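**Q** Dropping a structure here in structure tokens format, bear with me for questions.
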Amino acid sequence: MTDTAIRKGLAGVVVDTTEISMVDEASNSLTYRGYPVQDLAASCTFEEVSYLLWYGELPTAGQLREFTARERANRALDRHTLDLLRRLPETAHPMDVLRTAISYLGADDPAEDDASVAANRAKAEAMLAKLPTVVAADHRRRRGLDPIQPDPGLGHAENFFHMCFGRVPEPEVVRCFEVSMILYAEHSFNASTFTARVVTSTLSDIYSSVTAAIGALKGSLHGGANEAVMHMLQEIGSAERASDWLDTALAEKRKIMGFGHRVYKHGDSRVPTMRAALDRMAALRGAEELMELYGALEAEMVARKGIHPNLDYPAGPAYHLMGFEVPTFTPLFVMARITGWTAHILEQQEANALIRPLSSYTGRERRPVPLPAQRLAG
Ligand SMILES: CC(=O)SCCNC(=O)CCNC(=O)[C@H](O)C(C)(C)COP(=O)(O)OP(=O)(O)OC[C@H]1O[C@@H](n2cnc3c(N)ncnc32)[C@H](O)[C@@H]1OP(=O)(O)O
Ligand SMILES: O=C([O-])CC(=O)C(=O)O
């Protein structure tokens with residue numbers, strides 16, 4: 001049977017089942033493999049949550065030891081990848097750098113087309129380990145600095161700070177970062193994950209699926225919003241200007257970045273946890289003015305439009321206070337979402353059906369091709 005109803009943007013359409021996460025608008029909750037994300041963020045490391053998303057259960061001590069050892073052993077980039085990164089224009093957006101790096105890793109992998117579960121799990125683990133090294137190397141390159149080698153004595157988050165800044169910040173900062181990684185890791189059939197599943201459904205390789213997902217995440221209606229939030233807060237400048245700024249932006253029909261969500265219509269379940277992390281960062285760095293502006297814009301937006309912040313609203317300023325430059329924010333999202341994307345790629349492969357919807361044609365009526373003498377005349 002063909003369903004001819006058109007649902008723009010596939011809004012409200014259920015396209016498949018998933019066992020990985022549940023986004024529930026009614027109870028305003030998000031669970032990963034059945035566990036509330038807030039509870040995972042409160043007591044787990046990002047490595048434990050990555051394992052959970054891929055393997056379905058939290059790791060035992062032994063499983064975590066082995067998983068962590070593999071992650072640490074996989075972090076370094078070879079000479080060719082580092083050369084490739086060096087050759088990219090310094091003006092390239094860091095998301096373009098990531099997209100290129102993942103594509104290159106695929107081209108360089110002799111087992112690129114081995115789509116067995118074991119091979120794809122190994123490739124997913126390698127991408128999780130290598131992405132922070134790429135992001136950090138690119139962050140330093142844009143400052144004219146050489147890359148810093150990964151430190152196998154440090155955890156995922158600590159090592160990332162070490163590779164970016166040459167030092168590990170206060171444990172509180174590392175924890176806030178790790179909380180953001182856990183919250184960003186997975187969110188069911190969002191646009192970038194769906195993109196990865198579409199590419200996977202054609203029996204393409206895992207690197208192609210991730211490369212496409214990075215492209216989908218870059219847009220400002222999706223992951224790119226965490227950068228756009230910071231640009232917007234910088235443009236507004238102060239809490240006193242929030243109301244007038246919003247008047248103009250709404251009159252111009254601009255989308256207010258970091259607000260609204262396709263699924264959550266009464267607030268994003270992840271925001272309170274990320275807001276608490278942002279508050280801790282603001283207290284640590286003395287960012288009262290920024291937080292006043294943050295609160296003023298949120299209050300105006302909720303009062304006028306009834307539209308609540310999504311995860312990108314607190315995440316953007318939190319990353320700013322951690323010392324990252326704005327163009328690095330969406331790549332940080334990639335470092336987390338690589339887990340969700342690849343979990344979905346594996347799930348799609350397990351029960352694959354080519355994803356190919358229909359469209360309703362609204363173009364010209366059927367008509368004959370004119371003869372050459374007619375169509376080339378005049
Ligand atoms: C991690 C993530 O990817 S979360 C999403 C990050 N993206 C952003 O923050 C970008 C800003 N937000 C938006 O553009 C939207 O809210 C989206 C794309 C996220 C969701 O869009 P939709 O599901 O299509 O929005 P929805 O149907 O609820 O919109 C209802 C109305 O609210 C408006 N609206 C929704 N979000 C916003 C916003 N951020 N600013 C202004 N108006 C908005 C819509 O324009 C629409 O107005 P209309 O009825 O007059 O046409
Ligand atoms: O679910 C969505 O549409 C967007 C989102 O919040 C995410 O990908 O984390």
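Chain labels follow the order of the structure tokens: the first chain is A, the next B, and so on; residue numbering restarts at 1 in every chain, and ligands are counted from 1 in their shown order.
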Report as a Markdown table: every residue of stretch 46-93 of chain A with an atom at most 9 Å from stretch 155-168 of chain A, its closest pair of atoms, and their distance in Å to one decimal, counting only C-alpha atoms, with rows sorted by chain and ascending residue number.
**A**
```
| residue | atom | partner | partner_atom | distance |
| --- | --- | --- | --- | --- |
| A:Phe46 | CA | A:His156 | CA | 7.7 |
| A:Glu47 | CA | A:His156 | CA | 7.3 |
| A:Thr68 | CA | A:Gly155 | CA | 8.1 |
| A:Glu71 | CA | A:His156 | CA | 8.1 |
| A:Arg72 | CA | A:His156 | CA | 7.9 |
```
**Q** What are the DSSP helix (DSSP H, G or I) residues of stretch 68-250 of chain A, as a PyMOL selection string?
**A** chain A and resi 68-73+79-87+94-107+117-141+156-165+171-184+191-201+206-218+225-236+239-250
**Q** Looking at A:Val14, A:Met301, A:Leu311, A:Met281, which one is nearest to ligand 2, with distances taken over only C-alpha atoms and all ligand atoms?
**A**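 Using only C-alpha atoms and all ligand atoms, ligand 2 sits closest to A:Leu311.
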**Q** Looking at A:Asp113, A:Asp3, A:Asp268, A:Glu347, which one is nearest to ligand 2, with distances taken over only C-alpha atoms and all ligand atoms?
**A**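 Among A:Asp113, A:Asp3, A:Asp268, A:Glu347, it is A:Asp268 that comes nearest to ligand 2.
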**Q** Please identify every polymer residue within 9 Å of ligand 2, using only C-alpha atoms and all ligand atoms, and present the set as JSON, numbers by chain.
**A** {"A": [23, 183, 184, 185, 186, 187, 188, 189, 190, 191, 192, 193, 217, 221, 222, 223, 261, 262, 263, 264, 268, 270, 310, 311, 312, 333, 337]}
**Q** Selected residues, N, CA and C atoms, written as a PDB file, in the first residue's frame, please.
**A**
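Final output, selection_13.pdb:
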```
ATOM      1  N   VAL A  23      13.818   8.817  22.893  1.00  0.00           N
ATOM      2  CA  VAL A  23      13.539  10.233  23.142  1.00  0.00           C
ATOM      3  C   VAL A  23      12.032  10.301  23.361  1.00  0.00           C
ATOM      4  N   LEU A 183      25.922  13.737  27.095  1.00  0.00           N
ATOM      5  CA  LEU A 183      24.614  14.249  26.651  1.00  0.00           C
ATOM      6  C   LEU A 183      24.525  14.318  25.126  1.00  0.00           C
ATOM      7  N   TYR A 184      25.645  14.606  24.478  1.00  0.00           N
ATOM      8  CA  TYR A 184      25.657  14.738  23.019  1.00  0.00           C
ATOM      9  C   TYR A 184      25.769  13.373  22.302  1.00  0.00           C
ATOM     10  N   ALA A 185      26.035  12.302  23.044  1.00  0.00           N
ATOM     11  CA  ALA A 185      26.430  11.046  22.390  1.00  0.00           C
ATOM     12  C   ALA A 185      25.374  10.456  21.456  1.00  0.00           C
ATOM     13  N   GLU A 186      24.096  10.580  21.820  1.00  0.00           N
ATOM     14  CA  GLU A 186      23.088   9.827  21.061  1.00  0.00           C
ATOM     15  C   GLU A 186      21.720  10.478  21.198  1.00  0.00           C
ATOM     16  N   HIS A 187      20.942  10.491  20.112  1.00  0.00           N
ATOM     17  CA  HIS A 187      19.596  11.066  20.179  1.00  0.00           C
ATOM     18  C   HIS A 187      18.701  10.493  19.088  1.00  0.00           C
ATOM     19  N   SER A 188      18.548   9.197  19.047  1.00  0.00           N
ATOM     20  CA  SER A 188      17.673   8.473  18.114  1.00  0.00           C
ATOM     21  C   SER A 188      17.821   8.963  16.657  1.00  0.00           C
ATOM     22  N   PHE A 189      16.680   9.179  15.971  1.00  0.00           N
ATOM     23  CA  PHE A 189      16.737   9.416  14.521  1.00  0.00           C
ATOM     24  C   PHE A 189      16.847  10.900  14.158  1.00  0.00           C
ATOM     25  N   ASN A 190      17.791  11.609  14.790  1.00  0.00           N
ATOM     26  CA  ASN A 190      18.054  13.001  14.408  1.00  0.00           C
ATOM     27  C   ASN A 190      18.602  13.031  12.974  1.00  0.00           C
ATOM     28  N   ALA A 191      18.732  14.229  12.395  1.00  0.00           N
ATOM     29  CA  ALA A 191      19.064  14.341  10.965  1.00  0.00           C
ATOM     30  C   ALA A 191      20.398  13.683  10.592  1.00  0.00           C
ATOM     31  N   SER A 192      21.435  13.869  11.424  1.00  0.00           N
ATOM     32  CA  SER A 192      22.742  13.301  11.041  1.00  0.00           C
ATOM     33  C   SER A 192      22.753  11.773  11.196  1.00  0.00           C
ATOM     34  N   THR A 193      22.091  11.274  12.235  1.00  0.00           N
ATOM     35  CA  THR A 193      22.032   9.817  12.424  1.00  0.00           C
ATOM     36  C   THR A 193      21.214   9.184  11.305  1.00  0.00           C
ATOM     37  N   LEU A 217      25.532  17.168  10.257  1.00  0.00           N
ATOM     38  CA  LEU A 217      25.603  17.794  11.591  1.00  0.00           C
ATOM     39  C   LEU A 217      26.062  19.247  11.514  1.00  0.00           C
ATOM     40  N   LEU A 221      20.813  24.330  11.707  1.00  0.00           N
ATOM     41  CA  LEU A 221      19.557  23.853  12.307  1.00  0.00           C
ATOM     42  C   LEU A 221      19.810  22.600  13.130  1.00  0.00           C
ATOM     43  N   HIS A 222      21.020  22.039  13.024  1.00  0.00           N
ATOM     44  CA  HIS A 222      21.355  20.813  13.780  1.00  0.00           C
ATOM     45  C   HIS A 222      22.569  21.139  14.649  1.00  0.00           C
ATOM     46  N   GLY A 223      23.676  20.405  14.497  1.00  0.00           N
ATOM     47  CA  GLY A 223      24.812  20.575  15.418  1.00  0.00           C
ATOM     48  C   GLY A 223      25.481  21.936  15.335  1.00  0.00           C
ATOM     49  N   HIS A 261      12.929  22.556  19.106  1.00  0.00           N
ATOM     50  CA  HIS A 261      13.355  21.187  18.824  1.00  0.00           C
ATOM     51  C   HIS A 261      12.264  20.461  18.067  1.00  0.00           C
ATOM     52  N   ARG A 262      12.645  19.608  17.138  1.00  0.00           N
ATOM     53  CA  ARG A 262      11.657  18.865  16.366  1.00  0.00           C
ATOM     54  C   ARG A 262      10.822  17.933  17.254  1.00  0.00           C
ATOM     55  N   VAL A 263      11.428  17.331  18.258  1.00  0.00           N
ATOM     56  CA  VAL A 263      10.684  16.370  19.086  1.00  0.00           C
ATOM     57  C   VAL A 263      10.190  17.007  20.389  1.00  0.00           C
ATOM     58  N   TYR A 264      11.092  17.622  21.149  1.00  0.00           N
ATOM     59  CA  TYR A 264      10.682  18.214  22.433  1.00  0.00           C
ATOM     60  C   TYR A 264      10.011  19.554  22.177  1.00  0.00           C
ATOM     61  N   ASP A 268      14.045  20.583  26.281  1.00  0.00           N
ATOM     62  CA  ASP A 268      14.925  19.458  25.938  1.00  0.00           C
ATOM     63  C   ASP A 268      15.355  18.775  27.239  1.00  0.00           C
ATOM     64  N   ARG A 270      17.794  17.200  28.121  1.00  0.00           N
ATOM     65  CA  ARG A 270      19.223  17.258  28.481  1.00  0.00           C
ATOM     66  C   ARG A 270      19.641  18.611  29.018  1.00  0.00           C
ATOM     67  N   ASN A 310      17.324  24.275  23.558  1.00  0.00           N
ATOM     68  CA  ASN A 310      17.765  22.890  23.346  1.00  0.00           C
ATOM     69  C   ASN A 310      19.208  22.762  23.869  1.00  0.00           C
ATOM     70  N   LEU A 311      19.768  21.560  23.768  1.00  0.00           N
ATOM     71  CA  LEU A 311      21.092  21.288  24.362  1.00  0.00           C
ATOM     72  C   LEU A 311      22.178  22.254  23.884  1.00  0.00           C
ATOM     73  N   ASP A 312      22.056  22.730  22.644  1.00  0.00           N
ATOM     74  CA  ASP A 312      23.103  23.608  22.109  1.00  0.00           C
ATOM     75  C   ASP A 312      23.177  24.952  22.836  1.00  0.00           C
ATOM     76  N   PHE A 333      30.961  18.119  19.251  1.00  0.00           N
ATOM     77  CA  PHE A 333      29.716  17.334  19.122  1.00  0.00           C
ATOM     78  C   PHE A 333      30.019  16.047  18.339  1.00  0.00           C
ATOM     79  N   ARG A 337      29.112  12.274  19.212  1.00  0.00           N
ATOM     80  CA  ARG A 337      28.064  11.607  18.426  1.00  0.00           C
ATOM     81  C   ARG A 337      28.594  10.458  17.573  1.00  0.00           C
TER      82      ARG A 337
END
```
**Q** Taking only C-alpha atoms into account, name the residue in A:Arg143, A:Arg86, A:Lys265, A:Arg364 that is nearest to A:His308.
**A** A:Lys265
**Q** Skip A:Leu290 itself and residues of its chain fewer than 6 positions away, then list as a VMD selection string all residues within 9 Å of it, counting only C-alpha atoms.
**A** chain A and resid 233 237 to 239 282 317
